[in-house]
>>> print(open('run.cif').read())   # mmCIF, C-alpha atoms; chains and numbers go by the auth columns
data_start
loop_
_atom_site.group_PDB
_atom_site.id
_atom_site.type_symbol
_atom_site.label_atom_id
_atom_site.label_comp_id
_atom_site.label_asym_id
_atom_site.label_seq_id
_atom_site.Cartn_x
_atom_site.Cartn_y
_atom_site.Cartn_z
_atom_site.B_iso_or_equiv
_atom_site.auth_seq_id
_atom_site.auth_asym_id
ATOM 1 C CA MET A 1 -17.960 0.744 4.588 0.00 164 A
ATOM 2 C CA LYS A 2 -14.364 1.400 3.840 0.00 165 A
ATOM 3 C CA VAL A 3 -12.105 -1.611 3.522 0.00 166 A
ATOM 4 C CA ARG A 4 -8.360 -1.505 3.166 0.00 167 A
ATOM 5 C CA VAL A 5 -6.445 -4.435 1.772 0.00 168 A
ATOM 6 C CA PHE A 6 -2.691 -4.455 2.272 0.00 169 A
ATOM 7 C CA VAL A 7 -0.773 -6.692 -0.073 0.00 170 A
ATOM 8 C CA ASN A 8 2.925 -7.296 0.378 0.00 171 A
ATOM 9 C CA LEU A 9 5.453 -9.723 -0.997 0.00 172 A
ATOM 10 C CA LYS A 10 6.186 -12.777 1.117 0.00 173 A
ATOM 11 C CA PRO A 11 9.538 -12.800 2.882 0.00 174 A
ATOM 12 C CA GLY A 12 12.214 -14.182 0.603 0.00 175 A
ATOM 13 C CA VAL A 13 10.542 -13.096 -2.608 0.00 176 A
ATOM 14 C CA LEU A 14 12.794 -10.760 -4.566 0.00 177 A
ATOM 15 C CA ASP A 15 11.495 -7.184 -4.708 0.00 178 A
ATOM 16 C CA PRO A 16 13.241 -5.345 -7.567 0.00 179 A
ATOM 17 C CA GLN A 17 11.078 -2.250 -7.097 0.00 180 A
ATOM 18 C CA GLY A 18 12.010 -2.065 -3.423 0.00 181 A
ATOM 19 C CA ARG A 19 15.644 -2.577 -4.282 0.00 182 A
ATOM 20 C CA ALA A 20 15.517 0.267 -6.804 0.00 183 A
ATOM 21 C CA VAL A 21 13.948 2.576 -4.221 0.00 184 A
ATOM 22 C CA HIS A 22 16.562 1.525 -1.664 0.00 185 A
ATOM 23 C CA HIS A 23 19.316 2.320 -4.129 0.00 186 A
ATOM 24 C CA ALA A 24 17.733 5.680 -4.986 0.00 187 A
ATOM 25 C CA LEU A 25 17.437 6.590 -1.284 0.00 188 A
ATOM 26 C CA GLU A 26 21.137 5.855 -0.834 0.00 189 A
ATOM 27 C CA GLY A 27 21.876 8.000 -3.858 0.00 190 A
ATOM 28 C CA LEU A 28 19.957 10.848 -2.235 0.00 191 A
ATOM 29 C CA GLY A 29 22.109 10.522 0.882 0.00 192 A
ATOM 30 C CA PHE A 30 19.768 8.613 3.201 0.00 193 A
ATOM 31 C CA ALA A 31 22.259 6.113 4.560 0.00 194 A
ATOM 32 C CA GLY A 32 20.273 4.733 7.494 0.00 195 A
ATOM 33 C CA VAL A 33 17.829 2.648 5.473 0.00 196 A
ATOM 34 C CA GLU A 34 18.644 -1.054 5.480 0.00 197 A
ATOM 35 C CA ASP A 35 15.843 -2.506 3.439 0.00 198 A
ATOM 36 C CA VAL A 36 12.849 -1.389 1.402 0.00 199 A
ATOM 37 C CA ARG A 37 9.860 -3.521 0.433 0.00 200 A
ATOM 38 C CA ILE A 38 7.018 -2.219 -1.634 0.00 201 A
ATOM 39 C CA GLY A 39 3.447 -3.402 -1.418 0.00 202 A
ATOM 40 C CA ARG A 40 -0.019 -2.266 -2.414 0.00 203 A
ATOM 41 C CA MET A 41 -2.811 -0.684 -0.448 0.00 204 A
ATOM 42 C CA ILE A 42 -6.216 -1.205 -2.023 0.00 205 A
ATOM 43 C CA GLU A 43 -9.054 0.913 -0.669 0.00 206 A
ATOM 44 C CA LEU A 44 -12.500 -0.487 -1.351 0.00 207 A
ATOM 45 C CA ASP A 45 -15.731 1.345 -0.796 0.00 208 A
ATOM 46 C CA ALA A 46 -17.872 -1.723 -0.196 0.00 209 A
ATOM 47 C CA ALA A 47 -21.518 -2.199 0.712 0.00 210 A
ATOM 48 C CA ASP A 48 -22.067 -2.586 4.455 0.00 211 A
ATOM 49 C CA ASP A 49 -23.382 -6.110 4.017 0.00 212 A
ATOM 50 C CA THR A 50 -20.216 -7.340 2.314 0.00 213 A
ATOM 51 C CA THR A 51 -19.147 -10.443 4.193 0.00 214 A
ATOM 52 C CA ASP A 52 -15.632 -11.239 5.346 0.00 215 A
ATOM 53 C CA GLU A 53 -15.766 -14.304 3.116 0.00 216 A
ATOM 54 C CA ALA A 54 -16.529 -12.158 0.058 0.00 217 A
ATOM 55 C CA LEU A 55 -13.607 -9.867 0.870 0.00 218 A
ATOM 56 C CA ASP A 56 -11.341 -12.845 1.319 0.00 219 A
ATOM 57 C CA THR A 57 -12.468 -14.289 -2.002 0.00 220 A
ATOM 58 C CA MET A 58 -11.798 -10.944 -3.738 0.00 221 A
ATOM 59 C CA CYS A 59 -8.260 -11.008 -2.400 0.00 222 A
ATOM 60 C CA ARG A 60 -7.614 -14.591 -3.438 0.00 223 A
ATOM 61 C CA GLN A 61 -9.185 -14.253 -6.872 0.00 224 A
ATOM 62 C CA LEU A 62 -7.954 -10.827 -7.916 0.00 225 A
ATOM 63 C CA LEU A 63 -6.276 -8.483 -5.464 0.00 226 A
ATOM 64 C CA ALA A 64 -3.346 -10.595 -4.349 0.00 227 A
ATOM 65 C CA ASN A 65 -1.218 -13.273 -5.939 0.00 228 A
ATOM 66 C CA THR A 66 -1.138 -15.671 -3.013 0.00 229 A
ATOM 67 C CA VAL A 67 1.757 -17.620 -4.467 0.00 230 A
ATOM 68 C CA ILE A 68 4.140 -14.760 -3.745 0.00 231 A
ATOM 69 C CA GLU A 69 2.080 -12.262 -1.762 0.00 232 A
ATOM 70 C CA ASN A 70 0.431 -12.003 1.637 0.00 233 A
ATOM 71 C CA TYR A 71 -2.623 -9.885 2.239 0.00 234 A
ATOM 72 C CA ARG A 72 -4.304 -8.347 5.241 0.00 235 A
ATOM 73 C CA ILE A 73 -7.858 -6.997 5.328 0.00 236 A
ATOM 74 C CA GLU A 74 -8.752 -4.058 7.544 0.00 237 A
ATOM 75 C CA LYS A 75 -12.379 -3.017 7.868 0.00 238 A
ATOM 76 C CA GLU A 76 -13.396 0.462 8.883 0.00 239 A
ATOM 77 C CA PRO A 77 -17.161 0.789 9.484 0.00 240 A
ATOM 78 C CA ALA A 78 -18.742 3.853 7.872 0.00 241 A
ATOM 79 C CA MET B 1 12.925 0.366 13.336 0.00 139 B
ATOM 80 C CA LYS B 2 10.224 -0.509 10.889 0.00 140 B
ATOM 81 C CA VAL B 3 8.569 2.393 9.102 0.00 141 B
ATOM 82 C CA ARG B 4 5.536 2.115 6.864 0.00 142 B
ATOM 83 C CA VAL B 5 4.734 4.807 4.350 0.00 143 B
ATOM 84 C CA PHE B 6 1.261 4.769 2.822 0.00 144 B
ATOM 85 C CA VAL B 7 0.908 6.660 -0.414 0.00 145 B
ATOM 86 C CA ASN B 8 -2.469 7.189 -2.028 0.00 146 B
ATOM 87 C CA LEU B 9 -3.833 9.354 -4.780 0.00 147 B
ATOM 88 C CA LYS B 10 -5.448 12.613 -3.717 0.00 148 B
ATOM 89 C CA PRO B 11 -9.227 12.739 -3.980 0.00 149 B
ATOM 90 C CA GLY B 12 -10.287 13.782 -7.442 0.00 150 B
ATOM 91 C CA VAL B 13 -7.219 12.369 -9.170 0.00 151 B
ATOM 92 C CA LEU B 14 -8.221 9.758 -11.731 0.00 152 B
ATOM 93 C CA ASP B 15 -7.148 6.233 -10.779 0.00 153 B
ATOM 94 C CA PRO B 16 -7.226 4.026 -13.897 0.00 154 B
ATOM 95 C CA GLN B 17 -5.720 1.074 -12.021 0.00 155 B
ATOM 96 C CA GLY B 18 -8.431 1.291 -9.375 0.00 156 B
ATOM 97 C CA ARG B 19 -11.070 1.560 -12.054 0.00 157 B
ATOM 98 C CA ALA B 20 -9.735 -1.538 -13.793 0.00 158 B
ATOM 99 C CA VAL B 21 -9.810 -3.489 -10.528 0.00 159 B
ATOM 100 C CA HIS B 22 -13.339 -2.238 -9.828 0.00 160 B
ATOM 101 C CA HIS B 23 -14.440 -3.407 -13.263 0.00 161 B
ATOM 102 C CA ALA B 24 -12.740 -6.780 -12.784 0.00 162 B
ATOM 103 C CA LEU B 25 -14.444 -7.241 -9.393 0.00 163 B
ATOM 104 C CA GLU B 26 -17.809 -6.577 -11.001 0.00 164 B
ATOM 105 C CA GLY B 27 -16.935 -9.080 -13.716 0.00 165 B
ATOM 106 C CA LEU B 28 -16.244 -11.670 -11.035 0.00 166 B
ATOM 107 C CA GLY B 29 -19.689 -11.044 -9.535 0.00 167 B
ATOM 108 C CA PHE B 30 -18.822 -8.810 -6.573 0.00 168 B
ATOM 109 C CA ALA B 31 -21.582 -6.255 -7.002 0.00 169 B
ATOM 110 C CA GLY B 32 -21.345 -4.469 -3.653 0.00 170 B
ATOM 111 C CA VAL B 33 -18.156 -2.567 -4.326 0.00 171 B
ATOM 112 C CA GLU B 34 -18.739 1.083 -5.174 0.00 172 B
ATOM 113 C CA ASP B 35 -15.227 2.385 -5.589 0.00 173 B
ATOM 114 C CA VAL B 36 -11.656 1.137 -5.646 0.00 174 B
ATOM 115 C CA ARG B 37 -8.539 3.231 -5.145 0.00 175 B
ATOM 116 C CA ILE B 38 -5.066 1.781 -5.278 0.00 176 B
ATOM 117 C CA GLY B 39 -2.088 3.106 -3.367 0.00 177 B
ATOM 118 C CA ARG B 40 1.337 1.970 -2.298 0.00 178 B
ATOM 119 C CA MET B 41 2.655 0.708 0.999 0.00 179 B
ATOM 120 C CA ILE B 42 6.397 1.156 1.379 0.00 180 B
ATOM 121 C CA GLU B 43 8.047 -0.696 4.250 0.00 181 B
ATOM 122 C CA LEU B 44 11.387 0.732 5.286 0.00 182 B
ATOM 123 C CA ASP B 45 13.803 -0.935 7.651 0.00 183 B
ATOM 124 C CA ALA B 46 15.409 2.257 8.922 0.00 184 B
ATOM 125 C CA ALA B 47 18.094 2.950 11.513 0.00 185 B
ATOM 126 C CA ASP B 48 16.632 3.756 14.937 0.00 186 B
ATOM 127 C CA ASP B 49 18.097 7.262 14.848 0.00 187 B
ATOM 128 C CA THR B 50 16.315 8.176 11.616 0.00 188 B
ATOM 129 C CA THR B 51 14.510 11.442 12.319 0.00 189 B
ATOM 130 C CA ASP B 52 10.949 12.265 11.384 0.00 190 B
ATOM 131 C CA GLU B 53 12.317 15.063 9.218 0.00 191 B
ATOM 132 C CA ALA B 54 14.489 12.615 7.259 0.00 192 B
ATOM 133 C CA LEU B 55 11.494 10.332 6.690 0.00 193 B
ATOM 134 C CA ASP B 56 9.414 13.274 5.557 0.00 194 B
ATOM 135 C CA THR B 57 12.140 14.362 3.164 0.00 195 B
ATOM 136 C CA MET B 58 12.369 10.827 1.722 0.00 196 B
ATOM 137 C CA CYS B 59 8.652 10.931 1.015 0.00 197 B
ATOM 138 C CA ARG B 60 8.760 14.339 -0.602 0.00 198 B
ATOM 139 C CA GLN B 61 11.858 13.652 -2.671 0.00 199 B
ATOM 140 C CA LEU B 62 11.252 10.112 -3.794 0.00 200 B
ATOM 141 C CA LEU B 63 8.468 8.000 -2.337 0.00 201 B
ATOM 142 C CA ALA B 64 5.450 10.148 -3.145 0.00 202 B
ATOM 143 C CA ASN B 65 4.550 12.542 -5.905 0.00 203 B
ATOM 144 C CA THR B 66 3.046 15.266 -3.728 0.00 204 B
ATOM 145 C CA VAL B 67 1.387 16.931 -6.693 0.00 205 B
ATOM 146 C CA ILE B 68 -1.114 14.097 -7.002 0.00 206 B
ATOM 147 C CA GLU B 69 -0.464 11.905 -3.968 0.00 207 B
ATOM 148 C CA ASN B 70 -0.836 12.092 -0.192 0.00 208 B
ATOM 149 C CA TYR B 71 1.400 10.144 2.145 0.00 209 B
ATOM 150 C CA ARG B 72 1.224 9.013 5.745 0.00 210 B
ATOM 151 C CA ILE B 73 4.171 7.798 7.801 0.00 211 B
ATOM 152 C CA GLU B 74 3.690 5.155 10.488 0.00 212 B
ATOM 153 C CA LYS B 75 6.590 4.277 12.756 0.00 213 B
ATOM 154 C CA GLU B 76 6.813 0.977 14.549 0.00 214 B
ATOM 155 C CA PRO B 77 9.709 0.824 17.034 0.00 215 B
ATOM 156 C CA ALA B 78 11.774 -2.359 16.828 0.00 216 B
#
>>> encode(input="run.cif", output="structure tokens")
Amino acid sequence: MKVRVFVNLKPGVLDPQGRAVHHALEGLGFAGVEDVRIGRMIELDAADDTTDEALDTMCRQLLANTVIENYRIEKEPA
Amino acid sequence: MKVRVFVNLKPGVLDPQGRAVHHALEGLGFAGVEDVRIGRMIELDAADDTTDEALDTMCRQLLANTVIENYRIEKEPA
């Protein structure tokens, strides 16, 4: 099955990459953007018997830094 | 309004970051994962009158490299 993990910075954590993109958008003339935050989308092609617990453990151990990041797991059956 | 832009590598484009994560997952004992691809999720806080065309132009000019990446725009009204 296909699993998508979305990882984004917790509110309040400084996002220099997002700030740079925001600045670049303004430089290109897009004035209506107030804030930009950048996160990761990790697409896993996992075996159908992969448990939710295993996915959660993957996120906590490797995919996300839970000190500064939140993650959300979205499963899409094959 | 909140806009999410998902950027991922086109199929066939080598993803060294995804491969490294895949390898690390195997090292941690998660054997059921067959493939890992890593993309970006860009969250924009855009003015409500931002047009779809403007968002598309942002993606083409800055947020995605359309030579090797696909993007998908998801709008979420405030």
>>> resolve_selection(input="run.cif", expression="the PyMOL selection byres ((chain B) within 7 of (chain A))", output="PyMOL selection string")
chain B and resi 170-185+188
>>> axis_aligned_box(input="run.cif", around="region 195-209 of chain A", padding_each_side="6 Å", output="lines of an AutoDock Vina configuration file")
center_x = 1.2
center_y = 0.6
center_z = 2.5
size_x = 50.1
size_y = 20.3
size_z = 21.9
>>> atom_distance(input="run.cif", atom1="CA of Lys213 (chain B)", atom2="CA of Gly175 (chain A)")
22.8 Å
>>> atom_distance(input="run.cif", atom1="CA of Asn228 (chain A)", atom2="CA of Lys173 (chain A)")
10.2 Å
>>> atom_distance(input="run.cif", atom1="CA of Gln155 (chain B)", atom2="CA of Ile206 (chain B)")
14.7 Å
